[in-house]
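Comments concern the structure below.
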Amino acid sequence: MAFSPKRSETSRCIIAGCGGHGRVVLDILRNAGGCQVVGFVDSDRELVGRRIDGIKVLGHPDELPALRSAFGIECGIVAVGHNGTRSALAGDLERAGLRLVNAVHPSANLAQNVILGRNIVIAAGSLVCAHCQIGDSVILNTGCIVDHESTVGKATHICPGARIAGRVTVESGAFVGIGATVTQSLRIGRESIIGAGAVVIRDVGAMTTVVGVPAREIGTVLKQAEMHVWQVPEIASNRTPVMPEVTASF
Ligand SMILES: CC(C)(COP(=O)(O)OP(=O)(O)OC[C@H]1O[C@@H](n2cnc3c(N)ncnc32)[C@H](O)[C@@H]1OP(=O)(O)O)[C@@H](O)C(=O)NCCC(=O)NCCS
């Protein structure tokens with residue numbers, strides 16, 4: 001029998017992915033309010049039925065349409081670290097009829113004119129300054145800084161404590177490692193990897209790995225070559241992306 005929701009002020013939400021990042025996202029949603037997490041889905045079927053921080057793993061992502069109706073789920077968010085997988089799963093949630101929501105920790109500080117896409121996680125202590133644009137399925141992890149007028153493309157991950165200076169463009173699918181620094185006005189190419197603690201002082205090409213201070217190239221990210229699901233042509237072609245204006249909360 002289909003679940004019949006009672007009228008409430010919170011949306012019933014599912015989290016896709018119950019690993020470490022899933023736990024962080026659950027904590028953010030509990031702190032932020034605005035939605036009630038009713039379960040996880042996870043691609044590891046062995047986890048189905050287990051409880052993670054008090055919330056049950058209800059099923060596999062393939063079962064989302066049935067779970068939606070059985071549990072009255074209205075919205076969802078993907079909590080998976082891998083950029084391509086996170087973006088692909090967001091599509092699965094939408095096809096299942098779920099609204100994608102953002103998880104913004106109350107201690108994160110966002111300028112009023114920041115433009116956010118959907119399925120975004122902004123963890124505790126992050127700072128996002130004036131006129132930044134943050135694309136769909138981005139993770140701004142704990143305590144990172146994105147300074148003024150920067151664009152963070154779809155399905156990128158800015159790791160804990162990383163610092164992006166003003167007017168930087170981080171193209172889709174890039175990974176900026178923990179504690180890395182990107183100096184002002186640079187372009188970080190799509191699907192590139194910035195190593196932990198690197199200080200980037202020059203543009204980084206697409207699918208390139210750089211490390212060190214100052215950052216130097218150590219290779220090309222060949223293993224991600226087949227996974228272009230996150231590509232955003234507007235960013236790749238140097239134009240300012242147009243993203244829907246949504247509020248920082250729900
Ligand atoms: C950059 C990174 C992806 C490279 O991984 P990799 O491709 O497996 O590279 P390797 O470990 O084989 O290292 C290759 C070389 O780069 C060096 N190197 C790797 N990472 C480095 C870093 N962050 N800073 C400086 N040098 C680094 C290695 O010492 C090695 O040097 P050598 O050839 O002189 O011995 C990885 O080291 C890294 O920094 N990951 C980020 C982790 C992170 O931020 N996690 C947070 C998750 S929330």
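Every chain in the structure tokens has a letter given in the order shown (A, B, ...), and although residue numbers restart at 1 in each chain, ligands are simply numbered from 1 in the order shown.
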
Segment 59-105 of chain A residues near segment 144-156 of chain A within 8 Å, closest pair each, using only C-alpha atoms, as CSV:
```
residue,atom,partner,partner_atom,distance
A:Asn83,CA,A:Ala155,CA,5.3
A:Gly84,CA,A:Ala155,CA,7.0
A:Arg86,CA,A:Ala155,CA,7.1
A:Ser87,CA,A:Ala155,CA,6.0
```

**Asked** Any idea what's packed within 12 Å of Cys132 of chain A, counting only C-alpha atoms, ignoring anything in its chain fewer than 2 positions away? Could you give it as a ChimeraX atom specification?
**Response** /A:110-117,127-130,134-135,145-153,164-170,240-243,245

Could I get the residues of chain A with an atom no further than 12 Å from an atom of ligand 1, each paired with its nearest atom pair and that distance in Å to one decimal, using only C-alpha atoms and all ligand atoms, sorted by chain and residue number, as a Markdown table?
```
| residue | atom | partner | partner_atom_place_in_ligand_line | distance |
| --- | --- | --- | --- | --- |
| A:Gly20 | CA | ligand 1 | 48 (S) | 9.9 |
| A:His21 | CA | ligand 1 | 48 (S) | 8.8 |
| A:Val24 | CA | ligand 1 | 48 (S) | 11.3 |
| A:Val80 | CA | ligand 1 | 48 (S) | 11.1 |
| A:Gly81 | CA | ligand 1 | 48 (S) | 7.9 |
| A:His82 | CA | ligand 1 | 47 (C) | 10.2 |
| A:Asn83 | CA | ligand 1 | 48 (S) | 11.9 |
| A:Ala123 | CA | ligand 1 | 48 (S) | 11.3 |
| A:Ile139 | CA | ligand 1 | 48 (S) | 9.6 |
| A:Leu140 | CA | ligand 1 | 48 (S) | 9.9 |
| A:Asn141 | CA | ligand 1 | 48 (S) | 7.2 |
| A:Thr142 | CA | ligand 1 | 48 (S) | 8.7 |
| A:Gly143 | CA | ligand 1 | 48 (S) | 11.3 |
| A:Cys144 | CA | ligand 1 | 48 (S) | 10.9 |
| A:Thr156 | CA | ligand 1 | 48 (S) | 11.9 |
| A:His157 | CA | ligand 1 | 48 (S) | 8.2 |
| A:Ile158 | CA | ligand 1 | 48 (S) | 8.1 |
| A:Cys159 | CA | ligand 1 | 48 (S) | 4.9 |
| A:Pro160 | CA | ligand 1 | 48 (S) | 6.0 |
| A:Gly161 | CA | ligand 1 | 48 (S) | 9.5 |
| A:Ala162 | CA | ligand 1 | 44 (O) | 8.8 |
| A:Ala174 | CA | ligand 1 | 3 (C) | 11.4 |
| A:Phe175 | CA | ligand 1 | 44 (O) | 8.1 |
| A:Val176 | CA | ligand 1 | 44 (O) | 6.9 |
| A:Gly177 | CA | ligand 1 | 44 (O) | 3.3 |
| A:Ile178 | CA | ligand 1 | 44 (O) | 3.7 |
| A:Gly179 | CA | ligand 1 | 44 (O) | 7.2 |
| A:Ala180 | CA | ligand 1 | 44 (O) | 7.9 |
| A:Thr181 | CA | ligand 1 | 44 (O) | 11.6 |
| A:Glu191 | CA | ligand 1 | 3 (C) | 11.8 |
| A:Ser192 | CA | ligand 1 | 3 (C) | 9.7 |
| A:Ile193 | CA | ligand 1 | 3 (C) | 6.2 |
| A:Ile194 | CA | ligand 1 | 1 (C) | 6.0 |
| A:Gly195 | CA | ligand 1 | 39 (O) | 3.5 |
| A:Ala196 | CA | ligand 1 | 23 (N) | 3.8 |
| A:Gly197 | CA | ligand 1 | 23 (N) | 5.7 |
| A:Ala198 | CA | ligand 1 | 24 (N) | 6.0 |
| A:Val199 | CA | ligand 1 | 24 (N) | 9.5 |
| A:Val200 | CA | ligand 1 | 24 (N) | 11.5 |
| A:Met207 | CA | ligand 1 | 3 (C) | 11.7 |
| A:Thr208 | CA | ligand 1 | 1 (C) | 10.0 |
| A:Thr209 | CA | ligand 1 | 1 (C) | 6.3 |
| A:Val210 | CA | ligand 1 | 1 (C) | 6.4 |
| A:Val211 | CA | ligand 1 | 24 (N) | 4.6 |
| A:Gly212 | CA | ligand 1 | 25 (C) | 4.3 |
| A:Val213 | CA | ligand 1 | 25 (C) | 7.7 |
| A:Pro214 | CA | ligand 1 | 25 (C) | 9.7 |
| A:Ala215 | CA | ligand 1 | 25 (C) | 8.2 |
| A:Arg216 | CA | ligand 1 | 26 (N) | 9.0 |
| A:Glu217 | CA | ligand 1 | 16 (O) | 9.0 |
| A:Ile218 | CA | ligand 1 | 16 (O) | 6.4 |
| A:Gly219 | CA | ligand 1 | 7 (O) | 7.6 |
| A:Thr220 | CA | ligand 1 | 7 (O) | 9.0 |
| A:Val221 | CA | ligand 1 | 7 (O) | 8.3 |
| A:Leu222 | CA | ligand 1 | 7 (O) | 10.5 |
| A:Lys223 | CA | ligand 1 | 7 (O) | 10.3 |
```

As a CSV table (one decimal) with all heavy atoms, in the first residue's frame, please: every residue in segment 66-162 of chain A that DSSP puts in helix (DSSP H, G or I).
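File written: part07.csv
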```csv
chain,number,residue,atom,x,y,z
A,66,ALA,N,9.9,2.5,-6.4
A,66,ALA,CA,9.1,1.7,-5.5
A,66,ALA,C,9.2,2.3,-4.1
A,66,ALA,O,8.2,2.4,-3.3
A,66,ALA,CB,9.4,0.3,-5.5
A,67,LEU,N,10.4,2.6,-3.7
A,67,LEU,CA,10.7,3.2,-2.3
A,67,LEU,C,10.0,4.5,-2.2
A,67,LEU,O,9.4,4.8,-1.1
A,67,LEU,CB,12.2,3.3,-2.1
A,67,LEU,CG,13.0,2.0,-2.0
A,67,LEU,CD1,14.5,2.3,-1.9
A,67,LEU,CD2,12.5,1.2,-0.7
A,68,ARG,N,10.0,5.3,-3.2
A,68,ARG,CA,9.4,6.6,-3.2
A,68,ARG,C,7.9,6.5,-2.8
A,68,ARG,O,7.4,7.2,-1.9
A,68,ARG,CB,9.5,7.3,-4.5
A,68,ARG,CG,8.8,8.6,-4.7
A,68,ARG,CD,8.8,9.1,-6.1
A,68,ARG,NE,7.9,10.2,-6.1
A,68,ARG,CZ,7.1,10.5,-7.2
A,68,ARG,NH1,7.1,9.7,-8.2
A,68,ARG,NH2,6.3,11.5,-7.2
A,69,SER,N,7.2,5.5,-3.5
A,69,SER,CA,5.8,5.4,-3.2
A,69,SER,C,5.6,4.7,-1.8
A,69,SER,O,4.7,5.1,-1.1
A,69,SER,CB,5.2,4.7,-4.4
A,69,SER,OG,4.5,3.6,-4.0
A,70,ALA,N,6.4,3.7,-1.5
A,70,ALA,CA,6.2,3.0,-0.3
A,70,ALA,C,6.4,3.8,1.0
A,70,ALA,O,5.7,3.7,2.0
A,70,ALA,CB,7.1,1.8,-0.2
A,71,PHE,N,7.4,4.8,0.9
A,71,PHE,CA,7.7,5.5,2.1
A,71,PHE,C,7.4,7.0,2.0
A,71,PHE,O,7.7,7.8,2.8
A,71,PHE,CB,9.2,5.4,2.4
A,71,PHE,CG,9.6,4.0,2.8
A,71,PHE,CD1,10.0,3.1,1.9
A,71,PHE,CD2,9.6,3.7,4.2
A,71,PHE,CE1,10.4,1.8,2.3
A,71,PHE,CE2,9.9,2.4,4.6
A,71,PHE,CZ,10.3,1.4,3.6
A,83,ASN,N,33.1,11.8,-8.1
A,83,ASN,CA,32.4,12.9,-8.8
A,83,ASN,C,31.4,12.4,-9.9
A,83,ASN,O,30.2,12.8,-10.0
A,83,ASN,CB,33.4,13.9,-9.5
A,83,ASN,CG,34.1,14.7,-8.4
A,83,ASN,OD1,33.6,14.9,-7.3
A,83,ASN,ND2,35.2,15.3,-8.8
A,84,GLY,N,31.9,11.4,-10.7
A,84,GLY,CA,31.0,11.0,-11.8
A,84,GLY,C,29.8,10.2,-11.3
A,84,GLY,O,28.7,10.3,-11.8
A,85,THR,N,30.1,9.3,-10.3
A,85,THR,CA,29.0,8.5,-9.7
A,85,THR,C,27.9,9.4,-9.1
A,85,THR,O,26.7,9.2,-9.2
A,85,THR,CB,29.6,7.5,-8.7
A,85,THR,OG1,30.6,6.8,-9.3
A,85,THR,CG2,28.5,6.6,-8.1
A,86,ARG,N,28.4,10.5,-8.4
A,86,ARG,CA,27.5,11.4,-7.7
A,86,ARG,C,26.6,12.0,-8.7
A,86,ARG,O,25.3,12.1,-8.5
A,86,ARG,CB,28.3,12.4,-6.9
A,86,ARG,CG,27.4,13.3,-6.0
A,86,ARG,CD,28.3,14.1,-5.0
A,86,ARG,NE,29.2,15.0,-5.7
A,86,ARG,CZ,30.5,14.9,-5.8
A,86,ARG,NH1,31.1,13.8,-5.4
A,86,ARG,NH2,31.2,15.9,-6.4
A,87,SER,N,27.1,12.4,-9.8
A,87,SER,CA,26.3,13.1,-10.8
A,87,SER,C,25.3,12.2,-11.5
A,87,SER,O,24.2,12.5,-11.7
A,87,SER,CB,27.3,13.7,-11.9
A,87,SER,OG,26.6,14.5,-12.8
A,88,ALA,N,25.8,10.9,-11.8
A,88,ALA,CA,24.9,10.0,-12.4
A,88,ALA,C,23.8,9.6,-11.5
A,88,ALA,O,22.6,9.5,-11.9
A,88,ALA,CB,25.7,8.7,-12.8
A,89,LEU,N,24.1,9.4,-10.2
A,89,LEU,CA,23.0,9.0,-9.2
A,89,LEU,C,22.0,10.2,-9.1
A,89,LEU,O,20.8,9.9,-8.8
A,89,LEU,CB,23.6,8.7,-7.9
A,89,LEU,CG,24.0,7.2,-7.7
A,89,LEU,CD1,24.8,7.1,-6.4
A,89,LEU,CD2,22.7,6.3,-7.6
A,90,ALA,N,22.4,11.4,-9.2
A,90,ALA,CA,21.5,12.5,-9.1
A,90,ALA,C,20.4,12.4,-10.2
A,90,ALA,O,19.2,12.6,-10.0
A,90,ALA,CB,22.2,13.8,-9.2
A,91,GLY,N,20.9,11.9,-11.4
A,91,GLY,CA,19.9,11.7,-12.5
A,91,GLY,C,19.0,10.6,-12.2
A,91,GLY,O,17.8,10.7,-12.5
A,92,ASP,N,19.4,9.6,-11.5
A,92,ASP,CA,18.5,8.4,-11.1
A,92,ASP,C,17.5,8.9,-10.1
A,92,ASP,O,16.3,8.6,-10.2
A,92,ASP,CB,19.3,7.3,-10.4
A,92,ASP,CG,20.3,6.6,-11.4
A,92,ASP,OD1,20.1,6.8,-12.6
A,92,ASP,OD2,21.2,5.9,-10.9
A,93,LEU,N,17.9,9.8,-9.2
A,93,LEU,CA,16.9,10.3,-8.2
A,93,LEU,C,15.8,11.1,-9.0
A,93,LEU,O,14.6,11.0,-8.7
A,93,LEU,CB,17.6,11.2,-7.2
A,93,LEU,CG,17.9,10.5,-5.8
A,93,LEU,CD1,18.9,9.4,-6.0
A,93,LEU,CD2,18.5,11.5,-4.8
A,94,GLU,N,16.3,12.0,-9.9
A,94,GLU,CA,15.3,12.8,-10.6
A,94,GLU,C,14.4,11.9,-11.4
A,94,GLU,O,13.2,12.2,-11.5
A,94,GLU,CB,16.0,13.8,-11.5
A,94,GLU,CG,16.6,14.9,-10.7
A,94,GLU,CD,16.9,16.1,-11.6
A,94,GLU,OE1,17.8,15.9,-12.5
A,94,GLU,OE2,16.3,17.2,-11.4
A,95,ARG,N,14.9,10.9,-12.1
A,95,ARG,CA,14.1,10.0,-12.9
A,95,ARG,C,13.0,9.3,-12.1
A,95,ARG,O,12.0,8.9,-12.5
A,95,ARG,CB,14.9,9.1,-13.8
A,95,ARG,CG,15.5,9.7,-15.0
A,95,ARG,CD,16.2,8.7,-15.9
A,95,ARG,NE,17.4,8.3,-15.3
A,95,ARG,CZ,18.6,9.0,-15.3
A,95,ARG,NH1,18.6,10.1,-16.0
A,95,ARG,NH2,19.7,8.5,-14.8
```

**Message:** DSSP on the backbone, strand (DSSP E or B) only: what residues of segment 2-249 of chain A does that give? Format it as a PyMOL selection string.
**Reply:** chain A and resi 11-16+35-41+51-52+55-59+75-78+99-100+103-104+109-110+115-116+121-122+127-128+133-134+139-140+145-146+151-152+157-158+163-164+169-170+175-176+181-182+187-188+193-194+199-200+204+208-211+216-220

What are the closest atom pairs, with distances in Å to one decimal, for all residues of segment 49-69 of chain A lying within 7 Å of segment 37-44 of chain A? Consider only C-alpha atoms, order rows by chain and residue number, and present the result as CSV.
```
residue,atom,partner,partner_atom,distance
A:Ile55,CA,A:Gly39,CA,5.5
A:Lys56,CA,A:Gly39,CA,5.1
A:Val57,CA,A:Phe40,CA,4.5
A:Leu58,CA,A:Val41,CA,5.7
A:Gly59,CA,A:Val41,CA,5.0
A:His60,CA,A:Asp42,CA,5.2
A:Pro61,CA,A:Val41,CA,5.6
```

**Message:** Ranking A:Ala79, A:Ile120, A:Leu47, A:Leu186 by minimum distance to Ile201 of chain A and counting only C-alpha atoms, which one comes first?
**Reply:**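 Of A:Ala79, A:Ile120, A:Leu47, A:Leu186, the one nearest Ile201 of chain A is A:Leu186, counting only C-alpha atoms.
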
**Message:** For a test of reading the model, state the distance in Å between atom CA of Gln133 of chain A and atom CA of Ala103 of chain A, rounded to one decimal.
**Reply:** 16.0 Å
